[in-house]
Each structure stands twice: as structure tokens, then as C-alpha cells.
Amino acid sequence: MGADSEDAVKQLSLLMEQVEAPLKRSFQNMHQGYPKETLVRFLKAREWNVPKAHKMIVDSLDWRIENEIDSVLERPIVPVDLYRSIRDSQLIGLSGYTKEGLPVFGIGVGHSTYDKASVHYYVQSHIQINEYRDRIILPRLTQQFERPVVRCIKVLDMTGLKLSALSQIKMLTSISTVDDLNYPEKTETYYVVNVPYIFSACWKVVKPLLQERTKKKVKVLSGCGRDELLKIMDYSSLPHFCRREGSGSSKHSSADVDDCYSLDHPFHKELYDHIKEQASRRELIKMGSLHVSIPEPDPEDAKIVEVIQAEFQKIGEQDESTTGHKD
């Protein structure tokens, strides 16, 4: 970092020393012993504007306290059959690590249906994965590599993306807003694979609206992306949908331990067992979902959502006019 960046970190650090005790306690959970790296993330998200970064981080800490995020890893989604159905319809999982030690998360964008539970359960599950990554996985890697490991890689599988995904835009916007405002700059690169026409069309109109910093993070790869991804990770860390052309994330066996989405995958078993253990220690196993308030998205992000919706509708109208029916 340059002198100006270092100065911005110092200024923000001084401001954080003045926040109230509950926020300081929550900040410790957030930074996990690496406050500087955390401050840098929020500063990057606000283009190194100290007052804006300060407001963002205080708002995030208020959100954590209001929604009891610091204890979210003590709230298992029960019964287990409900959690399994969430895993089968919210496709995400840890497939391995890059050669530099960054966690690799595979995400089945095209085949996630979000139709087996309420929105609250899906948001709760997403936050639990974020918190487990930040409080357990990244500290473990930091200790292993003897240097701060604070970010991850995400591989987005677009197999199966259809116009019907428009019905899920509210759910996806909620999850994206939670991430943007409370977990900024946690992803180093987004690799997009198995890209259908509908994604290419949307990407063409969305890309110009993104900040340059965000554009640089997104890499659209050819086919399943295997060859490019093998430059940064071993074969064993590739998400299952990248291991051969045409594999996709479509029909998967819930008993397949190589399928990083499955509850039977080691990552999800470890995560779920950890949450149950924490709950049993506190005797906090409660039925029902955790109702997390969703912050209002930034106006720029809201505009991007509107553009995506318009493009989906445009493609749908074109398909209807040429085929006589909608997808």
C-alpha cells in the first residue's frame, strides 16, 4: 500500500477505537485478529474514502448485533432433512484450495432453485457459510501458511441458466446485498464457467455499469474452465462441474462426496456438525429460521438489478416472438 492508503487505514483505525463496546466485541469476531486487513477491505469497497468506509463498517456492526450474527454458528437449521433440501436447492460448497492457499467455492447459479424453504432459511444458510469461512477456515489457513489469508475464489457454474431465473432475482439480490455491505472484498476472483447465451447477453449490458475494480475480478472462461483453473489449483480442488467438458452442476447425487454442494461432502458435514456442537454447548437448538434483516442495496447495485431484469424480459420477448412460447 502507498502512503495515502496507510494513512487512510490509520484514520479508520482511530475512528474504530471510539465505537461503543458492543461494536468493538462484534468487530473482533469480524476481524479474527487481523483488524488492519479488515479495515482495508472496507476502505477498498468505498474507494478509500475514510468517512464512507467508517459508516459502512459501523452499519455492518450494527447489523451484526441487531441480527445476532455473532451467534449464527450456534443456530443449526433443523431437522437435518430440511437442511439437506436447502443444500440441494442452494448450490454452493467448498471444493478445495488454490496453490496459494485460497479457499475455492463452487456455486451452481444455473441450477439453484431456492424453492424448498423460506427465504429466511436460505439467507441464514448463506450467512453461516460466510461466517464459518471467516471464523474457522480462513484463520486455519492463516495459521497454516503463516500469513493472513482473508479472501477466497468463487467458481460460478451457469449450467442450466434460464429465463425462469428471473423469479429468483429477489432472493439473489438479498444475498448479494448482505455480502456487498457486510462481507466486502472477500472474493479475490469470480470465475464464470459453462456460460449459456442468456448469461452472455446479460453480461454485455451489465459489464459497462460495474466499477473497474469489480470488472477486474470477473473472468468468463471457455467451456467448463478446467484448463484455466488448473493453472491456479490442483485437479483435486476443481469443483466437480469443472472436471470435464459438459459435466455441469445439473443432476447430482446427494451421496456423492465429490459433489461440493452435497450435505455428504466433507465441507458441509464439518460445517453442520460444528454448528450442532456449538448449539449443544449453549443449549440453543431452536426450531424456526433466523429472520435476518436485509439492508437496502446501494443505488448503483439496484440499477444493475433493473438492467438484468430488463434484459431477461427482452430475451423472453424475442424467444416468444420466434418460437411462439416462453422458456
# chains A, B, ... in the order shown; residues from 1 in each chain; ligands from 1

call {"tool": "select_by_dssp", "arguments": {"residues": "stretch 22-127 of chain A", "states": "alpha helix (DSSP H)", "output": "VMD selection string"}}
result
chain A and resid 22 to 31 35 to 45 50 to 66 80 to 89 119 to 127

call {"tool": "residues_around", "arguments": {"residues": "A:Leu156", "least_positions_apart": "3", "cutoff": "7 Å", "atoms": "only C-alpha atoms", "output": "PyMOL selection string"}}
result
chain A and resi 106-109+190-193

call {"tool": "write_last_selection", "arguments": {"atoms": "N, CA and C atoms", "output": "short mmCIF file (atom, residue, chain, number, x, y, z; two decimals), in the first residue's frame"}}
result
data_model
loop_
_atom_site.label_atom_id
_atom_site.label_comp_id
_atom_site.auth_asym_id
_atom_site.auth_seq_id
_atom_site.Cartn_x
_atom_site.Cartn_y
_atom_site.Cartn_z
N GLY A 106 -17.42 -23.48 -5.11
CA GLY A 106 -18.20 -23.69 -6.33
C GLY A 106 -19.64 -23.28 -6.07
N ILE A 107 -20.25 -22.59 -7.05
CA ILE A 107 -21.62 -22.12 -6.89
C ILE A 107 -22.42 -22.46 -8.15
N GLY A 108 -23.49 -23.22 -7.99
CA GLY A 108 -24.33 -23.61 -9.12
C GLY A 108 -25.42 -22.60 -9.36
N VAL A 109 -25.07 -21.52 -10.03
CA VAL A 109 -26.02 -20.43 -10.25
C VAL A 109 -27.22 -20.91 -11.07
N TYR A 190 -13.91 -13.98 -9.39
CA TYR A 190 -15.07 -14.78 -9.76
C TYR A 190 -14.79 -15.39 -11.13
N TYR A 191 -14.72 -16.71 -11.20
CA TYR A 191 -14.57 -17.39 -12.48
C TYR A 191 -15.94 -17.90 -12.91
N VAL A 192 -16.36 -17.52 -14.12
CA VAL A 192 -17.67 -17.90 -14.62
C VAL A 192 -17.49 -18.96 -15.70
N VAL A 193 -18.15 -20.11 -15.54
CA VAL A 193 -17.96 -21.23 -16.47
C VAL A 193 -19.30 -21.76 -16.98
#

call {"tool": "residues_around", "arguments": {"residues": "stretch 11-28 of chain A", "least_positions_apart": "4", "cutoff": "10 Å", "atoms": "only C-alpha atoms", "output": "list in words"}}
result
Ser5, Glu6, Asp7, Gln32, Gly33, Tyr34, Pro35, Lys36, Thr38, Leu39, Val40, Phe42, Leu43, Asn49, Val50, Pro51, Ala53, His54, Ile57, Val58, Asp59, Ser60, Leu61, Asp62, Arg64, Ile65, Glu68, Ile69 and Asp70 of chain A

call {"tool": "residues_around", "arguments": {"residues": "stretch 172-187 of chain A", "least_positions_apart": "6", "cutoff": "7 Å", "atoms": "only C-alpha atoms", "output": "VMD selection string"}}
result
chain A and resid 41 to 42 45 60 123 150 to 154 294 to 295 297

call {"tool": "atom_distance", "arguments": {"atom1": "atom CA of A:Leu210", "atom2": "atom CA of A:Arg46"}}
result
13.9 Å

call {"tool": "residues_around", "arguments": {"residues": "stretch 265-273 of chain A", "least_positions_apart": "5", "cutoff": "8 Å", "atoms": "only C-alpha atoms", "output": "VMD selection string"}}
result
chain A and resid 76 93 to 94 129 132 256 to 260

call {"tool": "select_by_dssp", "arguments": {"residues": "stretch 167-232 of chain A", "states": "strand (DSSP E or B)", "output": "list in words"}}
result
Thr187, Glu188, Thr189, Tyr190, Tyr191, Val192, Val193, Val218, Lys219 and Val220 of chain A

call {"tool": "closest_residue", "arguments": {"among": "A:Asp4, A:Asp301, A:Asp157, A:Glu311", "to": "A:Leu221", "atoms": "only C-alpha atoms"}}
result
A:Asp157

call {"tool": "closest_residue", "arguments": {"among": "A:Leu91, A:Ile198, A:Val205, A:Ile275", "to": "A:His126", "atoms": "only C-alpha atoms"}}
result
A:Leu91

call {"tool": "residues_around", "arguments": {"residues": "A:Lys162", "least_positions_apart": "2", "cutoff": "8 Å", "atoms": "only C-alpha atoms", "output": "VMD selection string"}}
result
chain A and resid 110 160 164 to 165 198 327

call {"tool": "residues_around", "arguments": {"residues": "A:Leu166", "least_positions_apart": "3", "cutoff": "9 Å", "atoms": "only C-alpha atoms", "output": "short mmCIF file (atom, residue, chain, number, x, y, z; two decimals) with C-alpha atoms, in the first residue's frame"}}
result
data_model
loop_
_atom_site.label_atom_id
_atom_site.label_comp_id
_atom_site.auth_asym_id
_atom_site.auth_seq_id
_atom_site.Cartn_x
_atom_site.Cartn_y
_atom_site.Cartn_z
CA LYS A 162 -32.90 -19.98 -17.97
CA LEU A 163 -35.36 -17.12 -18.19
CA ILE A 169 -33.86 -12.28 -8.66
CA LYS A 170 -35.26 -11.03 -5.33
CA ILE A 308 -30.71 -7.58 -15.66
CA GLN A 309 -34.48 -7.81 -15.27
CA PHE A 312 -34.21 -11.11 -19.27
CA GLN A 313 -37.59 -9.73 -20.32
#

call {"tool": "decode", "arguments": {"residues": "stretch 216-242 of chain A", "atoms": "N, CA and C atoms", "output": "compact mmCIF listing (two decimals), in the first residue's frame"}}
result
# COMPACT_ATOMS: atom_id res chain seq x y z
N LYS A 216 -12.48 -6.22 -12.98
CA LYS A 216 -11.22 -6.95 -12.99
C LYS A 216 -11.32 -8.28 -12.25
N LYS A 217 -12.30 -8.39 -11.35
CA LYS A 217 -12.45 -9.62 -10.57
C LYS A 217 -13.16 -10.72 -11.33
N VAL A 218 -13.93 -10.36 -12.35
CA VAL A 218 -14.77 -11.33 -13.05
C VAL A 218 -14.05 -11.83 -14.30
N LYS A 219 -13.88 -13.15 -14.38
CA LYS A 219 -13.24 -13.76 -15.55
C LYS A 219 -14.18 -14.83 -16.11
N VAL A 220 -14.65 -14.59 -17.33
CA VAL A 220 -15.53 -15.53 -18.00
C VAL A 220 -14.66 -16.50 -18.80
N LEU A 221 -14.72 -17.78 -18.45
CA LEU A 221 -13.84 -18.79 -19.05
C LEU A 221 -14.57 -19.59 -20.12
N SER A 222 -13.80 -20.19 -20.99
CA SER A 222 -14.34 -21.03 -22.06
C SER A 222 -14.75 -22.39 -21.50
N GLY A 223 -15.92 -22.87 -21.92
CA GLY A 223 -16.38 -24.19 -21.50
C GLY A 223 -16.46 -24.32 -20.00
N CYS A 224 -15.98 -25.45 -19.48
CA CYS A 224 -16.04 -25.69 -18.03
C CYS A 224 -14.87 -25.04 -17.30
N GLY A 225 -13.96 -24.40 -18.03
CA GLY A 225 -12.87 -23.64 -17.40
C GLY A 225 -11.75 -24.47 -16.83
N ARG A 226 -11.78 -25.77 -17.06
CA ARG A 226 -10.82 -26.67 -16.41
C ARG A 226 -9.37 -26.25 -16.64
N ASP A 227 -9.00 -26.03 -17.91
CA ASP A 227 -7.59 -25.76 -18.24
C ASP A 227 -7.10 -24.49 -17.56
N GLU A 228 -7.92 -23.44 -17.56
CA GLU A 228 -7.53 -22.18 -16.92
C GLU A 228 -7.43 -22.34 -15.42
N LEU A 229 -8.39 -23.04 -14.83
CA LEU A 229 -8.41 -23.20 -13.38
C LEU A 229 -7.26 -24.07 -12.88
N LEU A 230 -6.83 -25.02 -13.72
CA LEU A 230 -5.70 -25.87 -13.32
C LEU A 230 -4.39 -25.10 -13.22
N LYS A 231 -4.37 -23.87 -13.71
CA LYS A 231 -3.18 -23.03 -13.57
C LYS A 231 -3.05 -22.51 -12.14
N ILE A 232 -4.18 -22.46 -11.41
CA ILE A 232 -4.15 -21.90 -10.06
C ILE A 232 -4.50 -22.91 -8.97
N MET A 233 -4.96 -24.10 -9.37
CA MET A 233 -5.31 -25.11 -8.38
C MET A 233 -5.04 -26.50 -8.94
N ASP A 234 -4.92 -27.49 -8.06
CA ASP A 234 -4.76 -28.88 -8.48
C ASP A 234 -6.11 -29.46 -8.90
N TYR A 235 -6.04 -30.57 -9.64
CA TYR A 235 -7.26 -31.22 -10.13
C TYR A 235 -8.21 -31.56 -8.98
N SER A 236 -7.64 -32.00 -7.86
CA SER A 236 -8.48 -32.42 -6.72
C SER A 236 -9.28 -31.28 -6.13
N SER A 237 -8.87 -30.02 -6.39
CA SER A 237 -9.59 -28.86 -5.86
C SER A 237 -10.60 -28.29 -6.84
N LEU A 238 -10.60 -28.80 -8.08
CA LEU A 238 -11.59 -28.31 -9.05
C LEU A 238 -13.00 -28.66 -8.58
N PRO A 239 -13.93 -27.70 -8.68
CA PRO A 239 -15.32 -28.07 -8.43
C PRO A 239 -15.73 -29.19 -9.40
N HIS A 240 -16.63 -30.06 -8.98
CA HIS A 240 -16.98 -31.24 -9.78
C HIS A 240 -17.47 -30.87 -11.18
N PHE A 241 -18.08 -29.69 -11.32
CA PHE A 241 -18.62 -29.30 -12.62
C PHE A 241 -17.56 -28.78 -13.58
N CYS A 242 -16.32 -28.71 -13.13
CA CYS A 242 -15.22 -28.25 -13.99
C CYS A 242 -14.29 -29.39 -14.40
